[in-house]
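**Q** So that you have it, the file is work08.cif, and it contains mmCIF, N, CA and C atoms:
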```cif
data_input
#
loop_
_atom_site.label_atom_id
_atom_site.label_comp_id
_atom_site.auth_asym_id
_atom_site.auth_seq_id
_atom_site.Cartn_x
_atom_site.Cartn_y
_atom_site.Cartn_z
N MET A 8 75.77 107.63 65.23
CA MET A 8 76.19 106.50 66.03
C MET A 8 77.69 106.57 66.24
N ALA A 9 78.16 106.34 67.44
CA ALA A 9 79.59 106.43 67.75
C ALA A 9 80.32 105.25 67.14
N GLU A 10 81.57 105.52 66.72
CA GLU A 10 82.40 104.46 66.15
C GLU A 10 82.85 103.51 67.26
N PRO A 11 82.97 102.22 66.94
CA PRO A 11 83.48 101.29 67.95
C PRO A 11 84.97 101.54 68.19
N PRO A 12 85.50 101.11 69.31
CA PRO A 12 86.92 101.30 69.57
C PRO A 12 87.75 100.54 68.54
N ALA A 13 88.97 101.00 68.34
CA ALA A 13 89.88 100.33 67.43
C ALA A 13 90.16 98.92 67.94
N ALA A 14 90.72 98.07 67.06
CA ALA A 14 90.98 96.68 67.42
C ALA A 14 91.91 96.55 68.63
N ASP A 15 92.80 97.52 68.80
CA ASP A 15 93.73 97.45 69.93
C ASP A 15 93.12 97.98 71.22
N GLY A 16 91.83 98.35 71.20
CA GLY A 16 91.14 98.81 72.40
C GLY A 16 91.27 100.31 72.64
N ARG A 17 92.05 100.99 71.84
CA ARG A 17 92.23 102.43 72.04
C ARG A 17 91.06 103.20 71.45
N ARG A 18 90.86 104.38 71.95
CA ARG A 18 89.78 105.21 71.42
C ARG A 18 90.20 105.77 70.06
N ARG A 19 89.24 105.92 69.21
CA ARG A 19 89.52 106.57 67.93
C ARG A 19 89.58 108.08 68.15
N SER A 20 90.19 108.78 67.23
CA SER A 20 90.37 110.22 67.40
C SER A 20 89.04 110.95 67.54
N SER A 21 87.98 110.45 66.93
CA SER A 21 86.68 111.12 67.04
C SER A 21 86.06 110.94 68.42
N ASP A 22 86.63 110.03 69.22
CA ASP A 22 86.09 109.72 70.54
C ASP A 22 86.92 110.34 71.67
N ARG A 23 87.83 111.24 71.32
CA ARG A 23 88.69 111.85 72.35
C ARG A 23 87.87 112.74 73.27
N SER A 24 88.31 112.78 74.49
CA SER A 24 87.59 113.61 75.47
C SER A 24 87.91 115.08 75.26
N ALA A 25 87.06 115.93 75.79
CA ALA A 25 87.28 117.38 75.70
C ALA A 25 88.58 117.76 76.39
N ARG A 26 88.90 117.06 77.48
CA ARG A 26 90.13 117.36 78.21
C ARG A 26 91.35 117.11 77.33
N TYR A 27 91.32 116.01 76.54
CA TYR A 27 92.44 115.67 75.68
C TYR A 27 92.57 116.72 74.57
N ARG A 28 91.44 117.11 73.98
CA ARG A 28 91.48 118.13 72.92
C ARG A 28 91.99 119.44 73.47
N GLU A 29 91.58 119.80 74.69
CA GLU A 29 92.04 121.04 75.31
C GLU A 29 93.55 120.99 75.53
N ARG A 30 94.05 119.85 76.03
CA ARG A 30 95.47 119.69 76.27
C ARG A 30 96.24 119.80 74.96
N GLU A 31 95.73 119.20 73.88
CA GLU A 31 96.42 119.26 72.60
C GLU A 31 96.50 120.68 72.06
N ALA A 32 95.51 121.51 72.38
CA ALA A 32 95.52 122.89 71.91
C ALA A 32 96.73 123.64 72.45
N ASP A 33 97.20 123.27 73.64
CA ASP A 33 98.37 123.91 74.24
C ASP A 33 99.67 123.32 73.71
N GLY A 34 99.62 122.23 73.02
CA GLY A 34 100.81 121.57 72.50
C GLY A 34 100.81 120.10 72.85
N ARG A 35 101.32 119.33 71.96
CA ARG A 35 101.34 117.87 72.16
C ARG A 35 102.35 117.51 73.23
N ARG A 36 101.97 116.59 74.08
CA ARG A 36 102.88 116.11 75.13
C ARG A 36 103.79 115.05 74.51
N ASP A 37 105.02 115.43 74.27
CA ASP A 37 105.95 114.46 73.71
C ASP A 37 107.21 114.29 74.55
N LYS A 38 107.27 114.95 75.69
CA LYS A 38 108.39 114.81 76.63
C LYS A 38 108.01 113.76 77.66
N ARG A 39 108.90 112.84 77.94
CA ARG A 39 108.62 111.75 78.85
C ARG A 39 109.63 111.75 80.00
N THR A 40 109.17 111.25 81.12
CA THR A 40 110.03 111.07 82.28
C THR A 40 109.66 109.77 82.95
N LYS A 41 110.60 109.20 83.65
CA LYS A 41 110.35 107.93 84.32
C LYS A 41 110.03 108.19 85.79
N VAL A 42 108.99 107.52 86.29
CA VAL A 42 108.59 107.63 87.68
C VAL A 42 108.63 106.22 88.26
N SER A 43 109.23 106.08 89.42
CA SER A 43 109.34 104.76 90.05
C SER A 43 108.53 104.72 91.34
N TYR A 44 107.92 103.56 91.59
CA TYR A 44 107.11 103.35 92.78
C TYR A 44 107.44 102.00 93.40
N THR A 45 107.17 101.87 94.67
CA THR A 45 107.18 100.55 95.29
C THR A 45 105.89 99.86 94.87
N ASP A 46 105.78 98.57 95.16
CA ASP A 46 104.55 97.85 94.81
C ASP A 46 103.34 98.48 95.49
N THR A 47 103.49 98.84 96.75
CA THR A 47 102.38 99.44 97.50
C THR A 47 102.00 100.80 96.91
N GLU A 48 103.00 101.62 96.63
CA GLU A 48 102.72 102.94 96.05
C GLU A 48 102.03 102.82 94.69
N LEU A 49 102.52 101.88 93.87
CA LEU A 49 101.93 101.68 92.55
C LEU A 49 100.47 101.25 92.66
N THR A 50 100.17 100.41 93.61
CA THR A 50 98.78 99.99 93.83
C THR A 50 97.91 101.19 94.17
N ILE A 51 98.41 102.04 95.05
CA ILE A 51 97.65 103.23 95.45
C ILE A 51 97.41 104.15 94.26
N VAL A 52 98.45 104.37 93.46
CA VAL A 52 98.33 105.27 92.30
C VAL A 52 97.40 104.67 91.25
N ARG A 53 97.51 103.38 91.02
CA ARG A 53 96.60 102.73 90.06
C ARG A 53 95.15 102.85 90.51
N GLU A 54 94.90 102.66 91.80
CA GLU A 54 93.53 102.78 92.31
C GLU A 54 93.01 104.21 92.13
N ALA A 55 93.86 105.19 92.36
CA ALA A 55 93.44 106.59 92.18
C ALA A 55 93.14 106.87 90.72
N ALA A 56 93.96 106.38 89.81
CA ALA A 56 93.72 106.58 88.38
C ALA A 56 92.41 105.92 87.96
N ALA A 57 92.19 104.70 88.44
CA ALA A 57 90.95 104.00 88.11
C ALA A 57 89.73 104.74 88.65
N ARG A 58 89.86 105.27 89.88
CA ARG A 58 88.77 106.03 90.49
C ARG A 58 88.38 107.23 89.62
N ASP A 59 89.40 107.85 89.00
CA ASP A 59 89.16 109.01 88.13
C ASP A 59 88.95 108.62 86.67
N ASN A 60 88.88 107.31 86.42
CA ASN A 60 88.66 106.79 85.07
C ASN A 60 89.70 107.32 84.08
N GLN A 61 90.97 107.27 84.50
CA GLN A 61 92.06 107.72 83.64
C GLN A 61 93.11 106.63 83.53
N ALA A 62 93.87 106.68 82.44
CA ALA A 62 95.04 105.81 82.32
C ALA A 62 96.05 106.24 83.38
N LEU A 63 96.85 105.30 83.82
CA LEU A 63 97.81 105.56 84.88
C LEU A 63 98.73 106.74 84.55
N ALA A 64 99.38 106.71 83.39
CA ALA A 64 100.32 107.78 83.03
C ALA A 64 99.62 109.13 82.92
N ALA A 65 98.41 109.14 82.38
CA ALA A 65 97.66 110.40 82.27
C ALA A 65 97.32 110.95 83.64
N TRP A 66 96.92 110.05 84.55
CA TRP A 66 96.57 110.49 85.90
C TRP A 66 97.78 111.06 86.61
N VAL A 67 98.92 110.35 86.53
CA VAL A 67 100.15 110.83 87.18
C VAL A 67 100.55 112.19 86.62
N GLY A 68 100.52 112.33 85.31
CA GLY A 68 100.89 113.61 84.69
C GLY A 68 99.96 114.74 85.10
N ASP A 69 98.66 114.48 85.06
CA ASP A 69 97.69 115.51 85.44
C ASP A 69 97.83 115.89 86.91
N ALA A 70 98.00 114.89 87.78
CA ALA A 70 98.14 115.16 89.21
C ALA A 70 99.39 115.99 89.49
N ALA A 71 100.49 115.63 88.85
CA ALA A 71 101.74 116.38 89.05
C ALA A 71 101.59 117.82 88.58
N LEU A 72 100.96 118.02 87.44
CA LEU A 72 100.77 119.39 86.93
C LEU A 72 99.86 120.22 87.83
N LYS A 73 98.79 119.60 88.33
CA LYS A 73 97.88 120.33 89.22
C LYS A 73 98.61 120.80 90.47
N VAL A 74 99.46 119.95 91.03
CA VAL A 74 100.23 120.34 92.22
C VAL A 74 101.24 121.41 91.85
N ALA A 75 101.96 121.22 90.74
CA ALA A 75 102.97 122.19 90.33
C ALA A 75 102.37 123.56 90.04
N LYS A 76 101.18 123.58 89.47
CA LYS A 76 100.51 124.85 89.16
C LYS A 76 99.71 125.39 90.35
N GLU A 77 99.79 124.66 91.48
CA GLU A 77 99.09 125.02 92.71
C GLU A 77 97.58 125.11 92.53
N LYS A 78 97.05 124.27 91.64
CA LYS A 78 95.60 124.17 91.48
C LYS A 78 95.01 123.28 92.56
N VAL A 79 95.83 122.37 93.10
CA VAL A 79 95.45 121.55 94.24
C VAL A 79 96.60 121.58 95.24
N VAL A 80 96.26 121.38 96.49
CA VAL A 80 97.25 121.35 97.55
C VAL A 80 97.31 119.92 98.08
N PRO A 81 98.47 119.28 97.99
CA PRO A 81 98.52 117.91 98.49
C PRO A 81 98.43 117.87 100.01
N VAL A 82 97.57 117.01 100.50
CA VAL A 82 97.42 116.82 101.95
C VAL A 82 97.33 115.33 102.21
N SER A 83 97.51 114.96 103.44
CA SER A 83 97.45 113.55 103.81
C SER A 83 96.01 113.05 103.77
N VAL A 84 95.85 111.75 103.89
CA VAL A 84 94.50 111.18 103.91
C VAL A 84 93.74 111.61 105.15
N ASP A 85 94.45 112.10 106.16
CA ASP A 85 93.79 112.60 107.35
C ASP A 85 93.05 113.91 107.08
N ALA A 86 93.24 114.46 105.88
CA ALA A 86 92.60 115.73 105.55
C ALA A 86 91.08 115.65 105.65
N ARG A 87 90.52 114.49 105.34
CA ARG A 87 89.06 114.36 105.44
C ARG A 87 88.58 114.61 106.86
N ASP A 88 89.30 114.05 107.83
CA ASP A 88 88.93 114.27 109.23
C ASP A 88 89.10 115.73 109.60
N LEU A 89 90.15 116.34 109.11
CA LEU A 89 90.41 117.74 109.39
C LEU A 89 89.32 118.62 108.79
N ILE A 90 88.95 118.34 107.56
CA ILE A 90 87.90 119.13 106.91
C ILE A 90 86.58 118.96 107.65
N ALA A 91 86.28 117.76 108.10
CA ALA A 91 85.06 117.53 108.87
C ALA A 91 85.08 118.36 110.15
N GLU A 92 86.24 118.42 110.79
CA GLU A 92 86.38 119.22 112.02
C GLU A 92 86.18 120.70 111.72
N LEU A 93 86.75 121.19 110.63
CA LEU A 93 86.58 122.60 110.26
C LEU A 93 85.11 122.92 109.96
N ILE A 94 84.43 122.02 109.27
CA ILE A 94 83.01 122.23 108.97
C ILE A 94 82.20 122.27 110.25
N GLN A 95 82.49 121.32 111.15
CA GLN A 95 81.77 121.28 112.43
C GLN A 95 82.03 122.56 113.23
N ALA A 96 83.28 123.01 113.27
CA ALA A 96 83.61 124.23 114.01
C ALA A 96 82.94 125.44 113.38
N ARG A 97 82.91 125.49 112.07
CA ARG A 97 82.26 126.61 111.38
C ARG A 97 80.77 126.65 111.71
N ASN A 98 80.13 125.49 111.68
CA ASN A 98 78.71 125.43 112.03
C ASN A 98 78.47 125.86 113.47
N GLN A 99 79.35 125.41 114.37
CA GLN A 99 79.22 125.79 115.78
C GLN A 99 79.39 127.30 115.94
N LEU A 100 80.36 127.87 115.26
CA LEU A 100 80.55 129.33 115.33
C LEU A 100 79.33 130.08 114.80
N SER A 101 78.73 129.53 113.77
CA SER A 101 77.52 130.16 113.23
C SER A 101 76.39 130.15 114.27
N ARG A 102 76.22 129.02 114.95
CA ARG A 102 75.19 128.93 116.00
C ARG A 102 75.51 129.89 117.15
N ILE A 103 76.79 129.97 117.50
CA ILE A 103 77.18 130.87 118.60
C ILE A 103 76.94 132.32 118.20
N GLY A 104 77.24 132.64 116.96
CA GLY A 104 76.97 134.00 116.49
C GLY A 104 75.49 134.32 116.57
N ASN A 105 74.65 133.35 116.25
CA ASN A 105 73.21 133.53 116.36
C ASN A 105 72.82 133.78 117.82
N ASN A 106 73.42 132.99 118.74
CA ASN A 106 73.14 133.19 120.18
C ASN A 106 73.57 134.57 120.63
N ALA A 107 74.73 135.02 120.18
CA ALA A 107 75.22 136.35 120.55
C ALA A 107 74.26 137.43 120.06
N ASN A 108 73.72 137.26 118.86
CA ASN A 108 72.75 138.22 118.34
C ASN A 108 71.48 138.23 119.19
N GLN A 109 71.03 137.07 119.61
CA GLN A 109 69.84 136.99 120.45
C GLN A 109 70.08 137.65 121.80
N ILE A 110 71.28 137.45 122.37
CA ILE A 110 71.62 138.10 123.64
C ILE A 110 71.63 139.61 123.48
N ALA A 111 72.25 140.07 122.41
CA ALA A 111 72.30 141.52 122.18
C ALA A 111 70.90 142.09 122.01
N ARG A 112 70.04 141.37 121.28
CA ARG A 112 68.66 141.83 121.08
C ARG A 112 67.92 141.91 122.42
N ALA A 113 68.11 140.87 123.27
CA ALA A 113 67.44 140.86 124.58
C ALA A 113 67.98 141.98 125.47
N LEU A 114 69.28 142.19 125.45
CA LEU A 114 69.86 143.27 126.26
C LEU A 114 69.34 144.63 125.82
N ASN A 115 69.25 144.81 124.53
CA ASN A 115 68.75 146.09 124.01
C ASN A 115 67.26 146.28 124.30
N ALA A 116 66.52 145.18 124.34
CA ALA A 116 65.07 145.27 124.56
C ALA A 116 64.72 145.52 126.02
N ASP A 117 65.22 144.64 126.91
CA ASP A 117 64.81 144.82 128.30
C ASP A 117 65.85 144.37 129.33
N GLY A 118 67.03 143.99 128.89
CA GLY A 118 68.10 143.63 129.82
C GLY A 118 67.84 142.34 130.58
N THR A 119 67.16 141.35 129.97
CA THR A 119 66.81 140.12 130.68
C THR A 119 67.86 139.02 130.57
N VAL A 120 68.99 139.27 129.97
CA VAL A 120 70.04 138.26 129.84
C VAL A 120 70.79 138.18 131.16
N THR A 121 70.97 136.95 131.63
CA THR A 121 71.66 136.76 132.91
C THR A 121 73.17 136.65 132.69
N ASP A 122 73.92 136.85 133.76
CA ASP A 122 75.37 136.69 133.69
C ASP A 122 75.74 135.27 133.27
N ALA A 123 75.00 134.27 133.75
CA ALA A 123 75.28 132.86 133.41
C ALA A 123 75.10 132.62 131.92
N GLN A 124 74.06 133.20 131.33
CA GLN A 124 73.84 133.04 129.89
C GLN A 124 74.98 133.69 129.10
N LEU A 125 75.37 134.85 129.51
CA LEU A 125 76.45 135.56 128.83
C LEU A 125 77.76 134.78 128.95
N ARG A 126 78.08 134.30 130.17
CA ARG A 126 79.30 133.52 130.38
C ARG A 126 79.29 132.24 129.54
N ALA A 127 78.17 131.56 129.47
CA ALA A 127 78.07 130.31 128.70
C ALA A 127 78.32 130.57 127.21
N THR A 128 77.77 131.64 126.72
CA THR A 128 77.98 131.98 125.31
C THR A 128 79.44 132.32 125.04
N LEU A 129 80.05 133.11 125.91
CA LEU A 129 81.45 133.48 125.72
C LEU A 129 82.36 132.26 125.84
N THR A 130 82.04 131.34 126.74
CA THR A 130 82.82 130.11 126.86
C THR A 130 82.73 129.29 125.57
N ALA A 131 81.54 129.20 125.02
CA ALA A 131 81.36 128.47 123.76
C ALA A 131 82.12 129.14 122.62
N VAL A 132 82.10 130.46 122.58
CA VAL A 132 82.84 131.21 121.56
C VAL A 132 84.33 130.90 121.68
N ASN A 133 84.86 130.99 122.90
CA ASN A 133 86.29 130.72 123.10
C ASN A 133 86.66 129.29 122.72
N ALA A 134 85.82 128.32 123.07
CA ALA A 134 86.10 126.92 122.72
C ALA A 134 86.11 126.73 121.20
N ALA A 135 85.17 127.34 120.52
CA ALA A 135 85.11 127.22 119.07
C ALA A 135 86.32 127.88 118.41
N ILE A 136 86.72 129.00 118.93
CA ILE A 136 87.90 129.68 118.40
C ILE A 136 89.14 128.82 118.60
N GLN A 137 89.27 128.18 119.75
CA GLN A 137 90.41 127.30 120.00
C GLN A 137 90.42 126.12 119.03
N ARG A 138 89.24 125.55 118.75
CA ARG A 138 89.16 124.45 117.79
C ARG A 138 89.56 124.90 116.40
N MET A 139 89.10 126.07 116.00
CA MET A 139 89.47 126.61 114.69
C MET A 139 90.97 126.89 114.63
N ASP A 140 91.54 127.42 115.71
CA ASP A 140 92.97 127.68 115.75
C ASP A 140 93.76 126.38 115.58
N GLU A 141 93.37 125.33 116.28
CA GLU A 141 94.08 124.05 116.18
C GLU A 141 93.95 123.47 114.78
N ALA A 142 92.77 123.54 114.20
CA ALA A 142 92.58 123.03 112.84
C ALA A 142 93.44 123.82 111.85
N THR A 143 93.52 125.12 112.04
CA THR A 143 94.35 125.97 111.18
C THR A 143 95.81 125.59 111.31
N ARG A 144 96.27 125.37 112.54
CA ARG A 144 97.66 124.95 112.75
C ARG A 144 97.93 123.61 112.06
N GLN A 145 96.96 122.70 112.11
CA GLN A 145 97.14 121.41 111.46
C GLN A 145 97.26 121.57 109.95
N VAL A 146 96.43 122.41 109.37
CA VAL A 146 96.52 122.66 107.93
C VAL A 146 97.88 123.25 107.59
N MET A 147 98.36 124.17 108.40
CA MET A 147 99.66 124.78 108.16
C MET A 147 100.78 123.74 108.25
N ARG A 148 100.67 122.79 109.18
CA ARG A 148 101.68 121.73 109.29
C ARG A 148 101.69 120.88 108.03
N GLU A 149 100.51 120.63 107.47
CA GLU A 149 100.42 119.83 106.24
C GLU A 149 101.10 120.53 105.07
N ARG A 150 101.12 121.85 105.08
CA ARG A 150 101.69 122.61 103.96
C ARG A 150 103.22 122.71 104.04
N ARG A 151 103.80 122.40 105.19
CA ARG A 151 105.26 122.49 105.32
C ARG A 151 105.93 121.41 104.49
N PRO A 152 107.05 121.77 103.85
CA PRO A 152 107.79 120.72 103.13
C PRO A 152 108.33 119.70 104.13
N ARG A 153 108.30 118.46 103.74
CA ARG A 153 108.78 117.39 104.61
C ARG A 153 110.21 117.04 104.22
N PRO A 154 111.05 116.73 105.21
CA PRO A 154 112.45 116.35 104.89
C PRO A 154 112.54 115.03 104.17
#
```
Let me see the structure of the file written as structure tokens.
**A**
Amino acid sequence: MAEPPAADGRRRSSDRSARYREREADGRRDKRTKVSYTDTELTIVREAAARDNQALAAWVGDAALKVAKEKVVPVSVDARDLIAELIQARNQLSRIGNNANQIARALNADGTVTDAQLRATLTAVNAAIQRMDEATRQVMRERRPRP
């Protein structure tokens, strides 16, 4: 049976998470720094920490280390829309590739593909490539340091 939390609400040492034990193996965190936020920023950071079920200071420290070690790439909240666009473009390119294979198979079999079918497929390929190019440029803009 698990021990109840200490009177002050903190977890007992036997209840520490694997992440905490792993972090301790590398050395105890005893260096501190002060981070300042506006009220709005603090609300956002607190909500993110709560979403990840972490204490505020632990979440800030972990997030900063992940970015510093390049384990995560910080992007704006618009990243979700961008990722959705990339997924949609990738799916479209997959369908177009399938169409191109069918055209090639038909051409090799009996030459029944019309110029209109070929032009339509190439137009779709070019449009998908342009969408992928724009999405790539947007990702690259997100990676630039901001002044």
**Q** State, in Å with one decimal place, the distance from CA of Gly34 in chain A to CA of Leu49 in chain A.
**A** 28.3 Å
**Q** Pick out the closest residue to Leu100 in chain A from this set: A:Thr121, A:Leu129, A:Lys78, A:Leu72. Count only C-alpha atoms.
**A**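 Residue with the minimum atom-to-atom distance to Leu100 in chain A: A:Leu129.
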**Q** If you measure from atom C of Ala55 in chain A to atom C of Lys41 in chain A, what distance in Å do you get, rounded to one decimal?
**A**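 Rounded to one decimal, the two atoms are 17.6 Å apart.
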**Q** Name the residues of range 80-150 of chain A that fall into helix (DSSP H, G or I) according to DSSP on the backbone, using the chain letters and numbers of this document, as a VMD selection string.
**A** chain A and resid 86 to 116 122 to 150
**Q** Could you tell me how far CA of Asn98 in chain A sits from CA of Glu141 in chain A, in Å to one decimal place?
**A** 16.0 Å
